[in-house]
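K.L.:
One file is attached below, data.cif, containing mmCIF, C-alpha atoms.
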data_my_file
#
loop_
_atom_site.label_atom_id
_atom_site.label_comp_id
_atom_site.auth_asym_id
_atom_site.auth_seq_id
_atom_site.Cartn_x
_atom_site.Cartn_y
_atom_site.Cartn_z
CA MET Z 28 0.00 0.00 0.00
CA HIS Z 29 1.34 3.39 -0.94
CA ILE Z 30 0.25 6.77 0.26
CA ALA Z 31 -1.05 9.06 -2.44
CA ARG Z 32 1.00 12.19 -2.89
CA THR Z 33 -1.51 14.32 -4.68
CA GLY Z 34 -3.45 17.05 -3.01
CA LEU Z 35 -2.69 19.12 0.02
CA GLY Z 36 -3.31 17.55 3.28
CA VAL Z 37 -3.15 14.37 5.19
CA ALA Z 38 -2.12 10.83 4.52
CA ALA Z 39 -3.79 8.69 1.97
CA ALA Z 40 -3.18 5.10 1.27
CA THR Z 41 -3.50 2.81 -1.65
CA ALA Z 42 -4.55 -0.75 -1.33
CA VAL Z 43 -2.12 -3.04 -3.12
CA ALA Z 44 -3.53 -3.77 -6.50
CA ALA Z 45 -4.74 -7.24 -7.20
CA LEU Z 46 -3.71 -9.40 -10.14
CA ALA Z 47 -4.27 -10.16 -13.79
CA VAL Z 48 -2.50 -12.63 -16.09
CA SER Z 49 -1.94 -13.76 -19.67
CA ALA Z 50 1.08 -14.47 -21.79
CA PRO Z 51 2.36 -11.49 -23.79
CA GLY Z 52 0.39 -11.04 -26.96
CA THR Z 53 -2.41 -13.43 -26.07
CA ALA Z 54 -5.93 -12.41 -25.20
CA ALA Z 55 -7.06 -12.86 -21.62
CA PRO Z 56 -9.72 -15.53 -21.09
CA ALA Z 57 -13.26 -14.28 -21.62
CA ALA Z 58 -13.92 -14.73 -17.90
CA VAL Z 59 -11.28 -12.13 -17.09
CA PRO Z 60 -12.21 -8.62 -18.21
CA HIS Z 61 -9.37 -6.25 -18.99
CA THR Z 62 -9.50 -4.40 -15.72
CA LEU Z 63 -6.52 -2.18 -15.03
CA ALA Z 64 -5.96 -2.20 -11.30
CA VAL Z 65 -3.65 0.46 -10.00
CA PRO Z 66 -2.60 0.42 -6.36
CA ALA Z 67 -6.01 1.79 -5.35
CA VAL Z 68 -6.41 4.97 -3.35
CA ALA Z 69 -8.33 4.89 -0.11
CA GLY Z 70 -8.63 7.65 2.41
CA HIS Z 71 -7.39 11.22 2.47
CA THR Z 72 -4.87 12.93 0.27
CA LEU Z 73 -1.33 13.24 1.51
CA VAL Z 74 1.82 15.03 2.20
CA HIS Z 75 2.92 16.49 -1.08
CA GLY Z 76 6.59 17.14 -1.84
CA VAL Z 77 7.90 16.99 1.72
CA SER Z 78 11.53 18.03 1.60
CA SER Z 79 12.66 15.96 4.59
CA PRO Z 80 11.13 13.49 7.06
CA LEU Z 81 9.37 14.88 10.12
CA THR Z 82 9.21 13.50 13.65
CA SER Z 83 6.14 11.59 14.77
CA GLU Z 84 5.16 14.55 16.92
CA GLN Z 85 5.34 16.86 13.88
CA CYS Z 86 3.34 14.37 11.82
CA GLN Z 87 0.68 14.26 14.52
CA THR Z 88 0.48 18.04 14.58
CA LYS Z 89 0.40 18.39 10.80
CA TRP Z 90 -1.52 15.31 9.58
CA HIS Z 91 -2.82 13.54 12.71
CA ILE Z 92 -0.80 10.40 12.04
CA ASN Z 93 2.39 8.87 13.40
CA CYS Z 94 5.22 8.44 10.92
CA TYR Z 95 8.29 6.31 11.52
CA THR Z 96 11.88 6.14 10.29
CA PRO Z 97 13.90 2.95 9.81
CA LEU Z 98 15.84 3.86 12.94
CA GLN Z 99 12.61 3.65 14.95
CA TYR Z 100 11.78 0.30 13.35
CA ARG Z 101 15.23 -1.01 14.26
CA THR Z 102 14.59 -0.24 17.90
CA ALA Z 103 10.99 -1.49 17.84
CA TYR Z 104 11.99 -4.86 16.36
CA ASP Z 105 15.16 -5.20 18.49
CA LEU Z 106 17.48 -5.27 15.47
CA ASN Z 107 20.39 -3.14 16.64
CA ALA Z 108 22.00 -5.84 18.80
CA LEU Z 109 21.97 -8.20 15.80
CA TYR Z 110 23.73 -5.59 13.67
CA ARG Z 111 26.38 -5.19 16.36
CA LYS Z 112 26.99 -8.95 16.09
CA GLY Z 113 27.48 -8.59 12.34
CA VAL Z 114 24.09 -10.05 11.38
CA THR Z 115 23.12 -7.61 8.62
CA GLY Z 116 21.98 -9.85 5.75
CA LYS Z 117 25.48 -9.93 4.25
CA GLY Z 118 25.85 -12.56 1.55
CA ARG Z 119 22.08 -12.96 1.14
CA THR Z 120 19.75 -11.79 -1.65
CA ILE Z 121 16.16 -10.54 -1.45
CA VAL Z 122 14.10 -10.76 -4.67
CA ILE Z 123 11.28 -8.23 -5.08
CA VAL Z 124 8.65 -8.73 -7.78
CA ASP Z 125 6.71 -5.75 -9.18
CA SER Z 126 5.17 -4.77 -12.50
CA TYR Z 127 7.07 -2.01 -14.36
CA GLY Z 128 9.40 -1.18 -11.45
CA SER Z 129 10.81 2.31 -10.91
CA PRO Z 130 13.41 4.08 -13.09
CA THR Z 131 14.83 5.89 -10.07
CA VAL Z 132 15.00 3.02 -7.57
CA GLN Z 133 18.82 3.11 -7.16
CA HIS Z 134 18.96 6.87 -6.72
CA ASP Z 135 16.05 6.79 -4.30
CA VAL Z 136 17.47 4.08 -2.03
CA ASP Z 137 20.78 6.00 -2.03
CA VAL Z 138 19.01 9.17 -0.82
CA TYR Z 139 16.98 7.16 1.70
CA SER Z 140 20.09 5.48 3.08
CA LYS Z 141 22.05 8.71 3.35
CA GLN Z 142 19.19 10.44 5.17
CA PHE Z 143 19.20 7.85 7.95
CA GLY Z 144 22.92 7.04 8.05
CA LEU Z 145 22.55 3.58 6.52
CA PRO Z 146 24.98 2.02 4.06
CA SER Z 147 23.34 1.91 0.64
CA THR Z 148 23.11 -1.18 -1.54
CA LYS Z 149 23.34 -1.90 -5.25
CA VAL Z 150 19.89 -2.75 -6.59
CA LYS Z 151 20.04 -5.16 -9.51
CA VAL Z 152 17.12 -4.76 -11.92
CA VAL Z 153 15.92 -7.69 -14.04
CA LYS Z 154 13.41 -6.89 -16.79
CA TRP Z 155 11.12 -9.83 -17.52
CA GLY Z 156 9.51 -9.51 -20.93
CA HIS Z 157 9.18 -6.31 -22.95
CA VAL Z 158 8.77 -3.85 -20.08
CA PRO Z 159 7.50 -0.59 -21.60
CA ALA Z 160 9.35 2.69 -21.10
CA PHE Z 161 8.34 4.37 -17.86
CA ASP Z 162 5.70 7.07 -18.26
CA PRO Z 163 5.33 9.28 -15.16
CA LYS Z 164 1.88 10.34 -16.43
CA ASN Z 165 0.63 6.73 -16.40
CA SER Z 166 -1.02 6.19 -13.00
CA ASP Z 167 -0.66 2.42 -13.28
CA MET Z 168 3.09 2.77 -13.72
CA THR Z 169 3.52 5.35 -10.98
CA GLY Z 170 1.46 3.21 -8.62
CA TRP Z 171 3.82 0.30 -9.22
CA ALA Z 172 6.87 2.58 -8.98
CA GLY Z 173 5.65 3.62 -5.53
CA GLU Z 174 5.24 -0.02 -4.58
CA THR Z 175 8.73 -0.86 -5.87
CA THR Z 176 10.22 2.03 -3.89
CA LEU Z 177 8.45 0.94 -0.71
CA ASP Z 178 9.52 -2.69 -1.15
CA VAL Z 179 13.19 -1.90 -1.73
CA GLU Z 180 13.56 0.68 1.03
CA MET Z 181 11.79 -1.48 3.65
CA ALA Z 182 13.81 -4.60 2.83
CA HIS Z 183 17.00 -2.53 2.94
CA ALA Z 184 16.01 -0.93 6.25
CA VAL Z 185 15.93 -4.32 7.99
CA ALA Z 186 18.74 -6.15 6.14
CA PRO Z 187 21.14 -3.32 5.19
CA ALA Z 188 23.88 -5.56 3.78
CA ALA Z 189 21.62 -7.89 1.78
CA LYS Z 190 21.64 -7.69 -1.99
CA ILE Z 191 18.35 -6.68 -3.61
CA VAL Z 192 17.12 -7.85 -7.00
CA VAL Z 193 14.03 -6.15 -8.44
CA VAL Z 194 12.17 -8.11 -11.11
CA GLU Z 195 10.12 -5.85 -13.36
CA THR Z 196 7.37 -7.60 -15.29
CA ALA Z 197 5.71 -6.16 -18.36
CA VAL Z 198 2.09 -6.77 -17.36
CA SER Z 199 0.32 -5.19 -14.43
CA GLU Z 200 -1.47 -7.53 -12.09
CA THR Z 201 -5.22 -7.05 -11.85
CA GLU Z 202 -7.99 -9.17 -10.32
CA GLY Z 203 -8.33 -12.59 -11.86
CA THR Z 204 -5.43 -14.08 -13.77
CA THR Z 205 -3.95 -11.60 -16.31
CA GLY Z 206 -0.30 -10.82 -15.42
CA LEU Z 207 0.29 -13.63 -12.94
CA PRO Z 208 1.97 -16.10 -15.31
CA GLU Z 209 4.62 -13.46 -16.09
CA MET Z 210 5.28 -13.00 -12.39
CA MET Z 211 5.45 -16.73 -11.72
CA ASP Z 212 7.65 -17.34 -14.78
CA ALA Z 213 10.04 -14.63 -13.60
CA GLU Z 214 10.19 -16.09 -10.11
CA LYS Z 215 10.81 -19.63 -11.40
CA TYR Z 216 13.61 -18.41 -13.67
CA LEU Z 217 15.39 -16.68 -10.79
CA ILE Z 218 14.89 -19.67 -8.49
CA ASP Z 219 16.28 -22.05 -11.12
CA HIS Z 220 19.27 -19.76 -11.62
CA ASN Z 221 19.95 -19.56 -7.88
CA VAL Z 222 19.49 -15.79 -7.77
CA GLY Z 223 17.68 -15.18 -4.48
CA ASP Z 224 17.19 -16.56 -0.97
CA VAL Z 225 13.82 -14.95 -0.19
CA ILE Z 226 11.09 -13.64 -2.51
CA SER Z 227 8.87 -10.74 -1.43
CA GLN Z 228 5.48 -10.40 -3.16
CA SER Z 229 3.43 -7.29 -2.37
CA PHE Z 230 0.49 -8.25 -4.54
CA GLY Z 231 -2.54 -10.50 -4.42
CA ALA Z 232 -5.80 -11.38 -6.16
CA THR Z 233 -9.03 -12.40 -4.46
CA GLU Z 234 -9.49 -16.15 -4.82
CA ASN Z 235 -13.11 -15.63 -5.92
CA THR Z 236 -12.02 -13.66 -9.01
CA PHE Z 237 -10.16 -16.54 -10.63
CA PRO Z 238 -11.86 -18.30 -13.56
CA GLY Z 239 -13.80 -21.37 -12.44
CA PHE Z 240 -13.93 -20.41 -8.75
CA ASP Z 241 -17.72 -20.01 -8.71
CA LYS Z 242 -18.06 -23.56 -10.06
CA GLY Z 243 -15.66 -25.01 -7.50
CA ASP Z 244 -12.92 -25.37 -10.10
CA PHE Z 245 -9.69 -24.08 -8.61
CA SER Z 246 -7.41 -25.20 -11.43
CA SER Z 247 -6.69 -21.64 -12.61
CA ILE Z 248 -5.00 -20.97 -9.25
CA LYS Z 249 -3.39 -24.36 -8.86
CA LYS Z 250 -1.81 -24.14 -12.32
CA LEU Z 251 0.05 -21.02 -11.14
CA ARG Z 252 1.77 -22.69 -8.18
CA TYR Z 253 4.78 -23.95 -10.13
CA ALA Z 254 7.12 -21.21 -8.97
CA PHE Z 255 6.29 -21.89 -5.31
CA GLN Z 256 6.71 -25.64 -5.76
CA ASP Z 257 10.10 -24.92 -7.32
CA ALA Z 258 11.01 -22.59 -4.45
CA ASN Z 259 10.05 -25.28 -1.95
CA ARG Z 260 12.39 -27.77 -3.64
CA LYS Z 261 15.25 -25.26 -3.82
CA HIS Z 262 14.78 -24.02 -0.23
CA VAL Z 263 13.88 -20.45 -1.22
CA THR Z 264 11.55 -18.65 1.21
CA VAL Z 265 8.45 -17.16 -0.44
CA LEU Z 266 6.42 -14.39 1.25
CA ALA Z 267 3.22 -12.62 0.22
CA ALA Z 268 1.20 -9.73 1.59
CA SER Z 269 -2.08 -10.86 3.17
CA GLY Z 270 -3.84 -7.86 1.63
CA ASP Z 271 -5.31 -4.57 2.82
CA GLY Z 272 -8.99 -5.48 2.78
CA GLY Z 273 -9.31 -7.05 6.22
CA ALA Z 274 -11.50 -10.16 6.09
CA THR Z 275 -12.77 -9.15 2.63
CA ASP Z 276 -11.04 -8.04 -0.57
CA MET Z 277 -11.66 -6.56 -3.99
CA LYS Z 278 -13.95 -7.82 -6.74
CA LEU Z 279 -12.87 -8.22 -10.34
CA ASP Z 280 -13.39 -4.52 -11.02
CA GLY Z 281 -10.53 -3.70 -8.65
CA LYS Z 282 -12.67 -1.01 -6.98
CA THR Z 283 -15.49 -2.58 -4.97
CA TYR Z 284 -15.27 -5.10 -2.14
CA TYR Z 285 -17.07 -8.37 -1.54
CA ASP Z 286 -19.73 -8.14 1.18
CA LYS Z 287 -18.55 -11.42 2.71
CA ARG Z 288 -15.34 -12.95 4.00
CA VAL Z 289 -12.93 -13.84 1.19
CA ASN Z 290 -9.20 -14.52 0.89
CA SER Z 291 -6.45 -13.77 -1.62
CA TRP Z 292 -3.76 -15.69 -3.50
CA PRO Z 293 -0.75 -16.01 -3.34
CA SER Z 294 -1.02 -15.21 0.38
CA SER Z 295 -3.45 -18.11 0.85
CA ASP Z 296 -1.08 -20.63 -0.73
CA PRO Z 297 0.30 -23.08 1.87
CA LEU Z 298 3.72 -22.90 0.17
CA VAL Z 299 3.82 -19.15 0.89
CA THR Z 300 4.29 -17.41 4.24
CA SER Z 301 1.45 -14.89 4.56
CA ILE Z 302 2.45 -11.55 6.09
CA GLY Z 303 -0.26 -9.60 7.90
CA GLY Z 304 -0.29 -6.09 9.31
CA THR Z 305 0.07 -4.43 12.71
CA GLN Z 306 -0.02 -0.87 13.98
CA LEU Z 307 3.03 0.18 15.97
CA HIS Z 308 2.75 2.74 18.78
CA LEU Z 309 6.22 4.24 19.19
CA ASN Z 310 7.91 7.28 20.63
CA ASP Z 311 10.56 9.14 18.65
CA LYS Z 312 13.25 6.73 19.92
CA GLY Z 313 11.32 3.76 18.55
CA GLU Z 314 10.28 2.50 21.97
CA ARG Z 315 6.74 1.14 22.31
CA VAL Z 316 4.36 3.34 24.27
CA LYS Z 317 1.77 0.56 24.12
CA PRO Z 318 1.58 -2.93 22.56
CA ASP Z 319 1.01 -3.43 18.84
CA SER Z 320 -2.55 -3.52 17.49
CA VAL Z 321 -4.11 -4.80 14.27
CA TYR Z 322 -3.59 -2.59 11.21
CA ASN Z 323 -7.00 -1.06 10.54
CA ASP Z 324 -6.83 2.45 9.07
CA TYR Z 325 -7.06 3.41 5.39
CA GLY Z 326 -7.19 -0.36 4.88
CA ALA Z 327 -6.92 -3.34 7.24
CA GLY Z 328 -4.65 -6.36 7.54
CA GLY Z 329 -5.92 -9.23 5.41
CA GLY Z 330 -6.76 -12.48 7.14
CA GLY Z 331 -9.18 -15.37 7.22
CA GLN Z 332 -9.83 -18.80 5.75
CA SER Z 333 -8.90 -19.81 2.22
CA HIS Z 334 -11.74 -21.12 0.08
CA VAL Z 335 -9.27 -22.94 -2.17
CA PHE Z 336 -6.77 -24.64 0.15
CA THR Z 337 -7.49 -26.99 3.04
CA ARG Z 338 -5.62 -26.73 6.33
CA PRO Z 339 -1.94 -27.60 5.85
CA SER Z 340 -0.25 -29.83 8.42
CA PHE Z 341 1.80 -26.94 9.84
CA GLN Z 342 -1.47 -25.36 11.04
CA ASN Z 343 -2.77 -28.48 12.80
CA GLY Z 344 -1.78 -26.90 16.10
CA VAL Z 345 -4.13 -23.95 15.44
CA LYS Z 346 -7.01 -25.92 13.92
CA GLY Z 347 -9.30 -24.47 16.57
CA LYS Z 348 -8.84 -21.08 14.85
CA VAL Z 349 -8.48 -22.01 11.18
CA GLY Z 350 -10.88 -24.95 11.05
CA ALA Z 351 -10.48 -27.23 8.05
CA ARG Z 352 -9.05 -24.46 5.83
CA ARG Z 353 -5.71 -22.76 5.32
CA GLY Z 354 -5.72 -19.67 7.54
CA THR Z 355 -3.93 -16.37 6.96
CA PRO Z 356 -1.85 -14.50 7.94
CA ASP Z 357 1.04 -16.49 9.42
CA ILE Z 358 2.91 -13.58 11.03
CA SER Z 359 2.66 -9.77 10.93
CA MET Z 360 4.79 -6.63 10.72
CA SER Z 361 4.16 -2.88 10.66
CA ALA Z 362 1.53 -1.86 8.08
CA ALA Z 363 -0.71 0.87 9.48
CA VAL Z 364 -0.77 4.24 7.72
CA ASN Z 365 -1.10 5.91 11.12
CA GLY Z 366 2.37 4.67 11.95
CA GLY Z 367 3.56 4.40 8.37
CA ALA Z 368 7.09 4.50 7.05
CA TRP Z 369 8.94 7.44 5.55
CA ILE Z 370 9.87 6.69 1.93
CA TYR Z 371 11.85 8.74 -0.58
CA SER Z 372 11.06 8.72 -4.30
CA SER Z 373 11.76 10.75 -7.43
CA TYR Z 374 10.11 8.70 -10.22
CA ASP Z 375 7.36 11.33 -10.53
CA PRO Z 376 9.02 14.65 -11.40
CA THR Z 377 5.98 16.54 -10.06
CA ALA Z 378 6.24 14.97 -6.59
CA VAL Z 379 9.89 14.41 -5.72
CA GLY Z 380 10.50 13.98 -2.01
CA TRP Z 381 9.30 12.15 1.08
CA ASP Z 382 5.96 10.58 1.83
CA VAL Z 383 4.54 8.03 4.27
CA SER Z 384 3.55 4.53 3.21
CA GLY Z 385 1.82 1.59 4.84
CA GLY Z 386 -0.08 -1.61 4.09
CA THR Z 387 0.85 -5.28 4.12
CA SER Z 388 3.00 -4.46 1.10
CA GLU Z 389 5.19 -2.64 3.64
CA ALA Z 390 5.05 -5.51 6.14
CA THR Z 391 6.13 -8.11 3.57
CA PRO Z 392 9.53 -6.61 2.58
CA LEU Z 393 10.15 -5.83 6.27
CA PHE Z 394 9.79 -9.54 7.00
CA ALA Z 395 11.86 -10.41 3.92
CA GLY Z 396 14.66 -8.52 5.65
CA ILE Z 397 14.16 -10.64 8.79
CA VAL Z 398 14.45 -13.83 6.71
CA ALA Z 399 17.64 -12.57 5.06
CA LEU Z 400 19.12 -12.01 8.53
CA ALA Z 401 18.14 -15.55 9.55
CA ASP Z 402 19.70 -16.96 6.37
CA GLN Z 403 22.97 -15.23 7.19
CA ALA Z 404 22.86 -16.34 10.83
CA ALA Z 405 22.18 -19.95 9.76
CA GLY Z 406 24.84 -19.97 7.08
CA HIS Z 407 22.29 -21.42 4.68
CA ARG Z 408 18.77 -20.72 3.42
CA VAL Z 409 16.05 -21.36 5.97
CA GLY Z 410 13.76 -22.19 3.02
CA ASN Z 411 10.07 -22.83 3.55
CA ILE Z 412 9.71 -21.55 7.11
CA GLN Z 413 6.13 -22.65 7.85
CA GLN Z 414 6.91 -25.74 9.95
CA ALA Z 415 9.65 -23.88 11.79
CA LEU Z 416 7.49 -20.79 12.39
CA TYR Z 417 4.59 -22.68 13.92
CA GLY Z 418 7.02 -24.81 15.92
CA LEU Z 419 8.65 -21.69 17.40
CA TYR Z 420 5.19 -20.37 18.22
CA ALA Z 421 4.02 -23.63 19.84
CA HIS Z 422 7.10 -24.18 22.02
CA HIS Z 423 8.43 -21.30 24.13
CA ALA Z 424 7.11 -18.59 21.79
CA LYS Z 425 8.36 -15.67 23.88
CA ALA Z 426 11.88 -17.09 24.22
CA ASN Z 427 11.87 -17.65 20.45
CA GLY Z 428 10.99 -14.02 19.74
CA VAL Z 429 7.40 -14.65 18.67
CA VAL Z 430 5.46 -11.72 20.16
CA ASP Z 431 1.72 -12.14 20.60
CA VAL Z 432 -0.60 -9.38 19.36
CA ASN Z 433 -3.65 -9.70 21.58
CA ASP Z 434 -5.07 -6.26 22.34
CA GLY Z 435 -8.58 -7.06 21.06
CA THR Z 436 -8.43 -4.87 17.95
CA ASN Z 437 -9.72 -6.40 14.71
CA ASN Z 438 -9.49 -6.44 10.92
CA SER Z 439 -13.15 -5.74 10.17
CA TYR Z 440 -13.31 -3.64 7.00
CA GLN Z 441 -15.83 -2.37 4.44
CA GLY Z 442 -18.72 -3.63 6.57
CA VAL Z 443 -17.43 -7.21 6.71
CA THR Z 444 -16.82 -8.45 10.25
CA GLY Z 445 -13.24 -9.60 10.66
CA TYR Z 446 -11.24 -11.28 13.39
CA GLN Z 447 -9.93 -10.07 16.74
CA ALA Z 448 -6.37 -10.10 17.97
CA VAL Z 449 -6.63 -12.46 20.94
CA ASN Z 450 -4.21 -14.58 22.96
CA GLY Z 451 -2.30 -16.94 20.68
CA TYR Z 452 -2.82 -17.45 16.97
CA ASP Z 453 -5.63 -15.48 15.35
CA LEU Z 454 -6.84 -14.66 11.84
CA ALA Z 455 -5.98 -10.98 12.31
CA THR Z 456 -2.20 -11.22 12.93
CA GLY Z 457 -1.31 -14.92 12.76
CA VAL Z 458 1.13 -15.97 15.47
CA GLY Z 459 1.89 -12.29 16.13
CA THR Z 460 5.02 -10.32 15.35
CA VAL Z 461 8.75 -10.56 16.14
CA ASP Z 462 11.49 -9.58 18.54
CA ALA Z 463 14.27 -10.00 15.98
CA LEU Z 464 17.10 -10.42 18.49
CA LYS Z 465 15.48 -13.66 19.67
CA PHE Z 466 13.54 -14.62 16.54
CA VAL Z 467 16.35 -14.46 13.98
CA PRO Z 468 18.65 -16.97 15.75
CA ALA Z 469 15.68 -19.19 16.64
CA LEU Z 470 14.53 -19.29 13.01
CA ALA Z 471 18.11 -19.84 11.86
CA LYS Z 472 18.34 -22.87 14.14
CA ALA Z 473 14.89 -24.26 13.27
CA GLY Z 474 14.96 -23.61 9.51
CA ARG Z 475 15.86 -26.39 7.13
CA HIS Z 476 19.28 -26.76 5.53
CA GLY Z 477 19.50 -25.87 1.88
#
Mind turning this structure into structure tokens?
P.N.:
Amino acid sequence: MHIARTGLGVAAATAVAALAVSAPGTAAPAAVPHTLAVPAVAGHTLVHGVSSPLTSEQCQTKWHINCYTPLQYRTAYDLNALYRKGVTGKGRTIVIVDSYGSPTVQHDVDVYSKQFGLPSTKVKVVKWGHVPAFDPKNSDMTGWAGETTLDVEMAHAVAPAAKIVVVETAVSETEGTTGLPEMMDAEKYLIDHNVGDVISQSFGATENTFPGFDKGDFSSIKKLRYAFQDANRKHVTVLAASGDGGATDMKLDGKTYYDKRVNSWPSSDPLVTSIGGTQLHLNDKGERVKPDSVYNDYGAGGGGQSHVFTRPSFQNGVKGKVGARRGTPDISMSAAVNGGAWIYSSYDPTAVGWDVSGGTSEATPLFAGIVALADQAAGHRVGNIQQALYGLYAHHAKANGVVDVNDGTNNSYQGVTGYQAVNGYDLATGVGTVDALKFVPALAKAGRHG
């Protein structure tokens, strides 16, 4: 989710666009209209052309939201002690998948890093297919450029020494299936060529929008799982945002929401770790002034039961919450707009500068950084972390750095009743969030060899 930078006032947010798919040059199936989903705008307009980041107190005064720097996140997630031990993601690679990408991503992460005293990193860009020239007047492209910027800067904030590879695909994802094969093909190619250790996906499509869903035919989703099956074999960790629609999500038009509980793929895939959203409550030092809550402002953390996938074995210990279905999310990180992250971008010449972003598309690259740290600490890829994650939660969760989110807030959204954050696993935040100083070594120890 990316905060809109048009207009004069407060913070706006965009829900991460959902997906569309067909091979280049072929017509989409008749069941999939040519919708063009841009990271959708929800809420107020935002901070326009801010020349430098403000403190949370200044943000509260000016826009009535909290806004956080990577230095605050590092304190909140207990990362600094890991960095002092040399655990920085060195030698590991995070792959980020976005349509179109951003032409200024290297410059922007350099500015971002300098602002906060971080070392910068070389961003390798891989173009998959005939990616069109960037047009700053094309709202679809600028929406994806904002997403790319958010993904890269958040992953870098957590794992400052990790390499970052951005895969730009030539087709935007919209609801249904147009665009997804390109993304999956790109991921499989990089997996087969041993390019990355963890893949961050800040996109999703409502399960109900896939062809055949209404007839109980889930083959259109299951035929797209090949990249994840490949990742599982090669011990590459795959993450996906749980979405910004709470217990519901968008219809095929990419604008309106279902009036019932639905879920989204790839987050709902059992081979993928689903990343939900929290709201952090921090002071300017990054210390918590109260426990984390569920992200529910200008969007809400996605979560609930899959209608496509049955409960995987790693969730047997939480079957009382997920029932017979795959439940999402698995774990959560910062995603609220009121408590969003400062991001620098210059891809739009009319709005160069700093803005505040949120959404589970922020949470996902944050957690990708955590995985990169665990890979380095382990000396090998931790791979598919699901069994390890639920094992750490089930046995001595607190000692393993799994932090429960249980303040009673919920992910109800757009009139659809969601789920409450309660003691233990829930369909609002999964097993909770992390204390990285404890969680990273615990995951490194529990993760598979690869």
K.L.:
Counting all atoms listed in the file, note down every residue that has an atom within 9 Å of the point (5.8, -6.6, -2.9) (file coordinates), as a ChimeraX atom specification.
P.N.:
/Z:43,123-125,174-175,177-179,226-230,266-268,387-389,391-392
K.L.:
Just checking: using all atoms listed in the file, which residue out of Z:Phe245, Z:Asp434, Z:Thr233, Z:Gln332 ends up closest to Thr283 (chain Z)?
P.N.:
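So, comparing all the options, the nearest one is Z:Thr233.
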K.L.:
What gap, in Å, lies between CA of Asn290 (chain Z) and CA of Tyr216 (chain Z)?
P.N.:
27.3 Å
K.L.:
Starting from the point (0.7, 14.6, 12.5), work out which residues of protein, DNA or RNA have an atom no more than 12 Å away when counting only C-alpha atoms; state them as JSON, numbers by chain.
P.N.:
{"Z": [36, 37, 38, 73, 74, 80, 81, 82, 83, 84, 85, 86, 87, 88, 89, 90, 91, 92, 93, 94, 95, 364, 365, 366, 367, 383]}
K.L.:
Filtering to C-alpha atoms, could you give me those residues as an mmCIF file, in the frame of the given file?
P.N.:
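Resulting contents of out-v8.cif:
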data_model
loop_
_atom_site.group_PDB
_atom_site.id
_atom_site.type_symbol
_atom_site.label_atom_id
_atom_site.label_comp_id
_atom_site.auth_asym_id
_atom_site.auth_seq_id
_atom_site.Cartn_x
_atom_site.Cartn_y
_atom_site.Cartn_z
ATOM 1 C CA GLY Z 36 -3.310 17.550 3.280
ATOM 2 C CA VAL Z 37 -3.150 14.370 5.190
ATOM 3 C CA ALA Z 38 -2.120 10.830 4.520
ATOM 4 C CA LEU Z 73 -1.330 13.240 1.510
ATOM 5 C CA VAL Z 74 1.820 15.030 2.200
ATOM 6 C CA PRO Z 80 11.130 13.490 7.060
ATOM 7 C CA LEU Z 81 9.370 14.880 10.120
ATOM 8 C CA THR Z 82 9.210 13.500 13.650
ATOM 9 C CA SER Z 83 6.140 11.590 14.770
ATOM 10 C CA GLU Z 84 5.160 14.550 16.920
ATOM 11 C CA GLN Z 85 5.340 16.860 13.880
ATOM 12 C CA CYS Z 86 3.340 14.370 11.820
ATOM 13 C CA GLN Z 87 0.680 14.260 14.520
ATOM 14 C CA THR Z 88 0.480 18.040 14.580
ATOM 15 C CA LYS Z 89 0.400 18.390 10.800
ATOM 16 C CA TRP Z 90 -1.520 15.310 9.580
ATOM 17 C CA HIS Z 91 -2.820 13.540 12.710
ATOM 18 C CA ILE Z 92 -0.800 10.400 12.040
ATOM 19 C CA ASN Z 93 2.390 8.870 13.400
ATOM 20 C CA CYS Z 94 5.220 8.440 10.920
ATOM 21 C CA TYR Z 95 8.290 6.310 11.520
ATOM 22 C CA VAL Z 364 -0.770 4.240 7.720
ATOM 23 C CA ASN Z 365 -1.100 5.910 11.120
ATOM 24 C CA GLY Z 366 2.370 4.670 11.950
ATOM 25 C CA GLY Z 367 3.560 4.400 8.370
ATOM 26 C CA VAL Z 383 4.540 8.030 4.270
#
K.L.:
Starting from the PyMOL selection byres ((chain Z and resi 460-469) around 8), expand the selection into actual residues of this file and give them as a tab-separated table (two decimals) with C-alpha atoms, in the coordinates of the input.
P.N.:
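Wrote part-v9.tsv, looks like this:
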chain	number	residue	atom	x	y	z
Z	104	TYR	CA	11.99	-4.86	16.36
Z	105	ASP	CA	15.16	-5.20	18.49
Z	106	LEU	CA	17.48	-5.27	15.47
Z	108	ALA	CA	22.00	-5.84	18.80
Z	109	LEU	CA	21.97	-8.20	15.80
Z	358	ILE	CA	2.91	-13.58	11.03
Z	359	SER	CA	2.66	-9.77	10.93
Z	360	MET	CA	4.79	-6.63	10.72
Z	397	ILE	CA	14.16	-10.64	8.79
Z	398	VAL	CA	14.45	-13.83	6.71
Z	400	LEU	CA	19.12	-12.01	8.53
Z	401	ALA	CA	18.14	-15.55	9.55
Z	404	ALA	CA	22.86	-16.34	10.83
Z	405	ALA	CA	22.18	-19.95	9.76
Z	419	LEU	CA	8.65	-21.69	17.40
Z	426	ALA	CA	11.88	-17.09	24.22
Z	427	ASN	CA	11.87	-17.65	20.45
Z	428	GLY	CA	10.99	-14.02	19.74
Z	429	VAL	CA	7.40	-14.65	18.67
Z	430	VAL	CA	5.46	-11.72	20.16
Z	431	ASP	CA	1.72	-12.14	20.60
Z	432	VAL	CA	-0.60	-9.38	19.36
Z	456	THR	CA	-2.20	-11.22	12.93
Z	458	VAL	CA	1.13	-15.97	15.47
Z	459	GLY	CA	1.89	-12.29	16.13
Z	470	LEU	CA	14.53	-19.29	13.01
Z	471	ALA	CA	18.11	-19.84	11.86
Z	472	LYS	CA	18.34	-22.87	14.14
Z	473	ALA	CA	14.89	-24.26	13.27
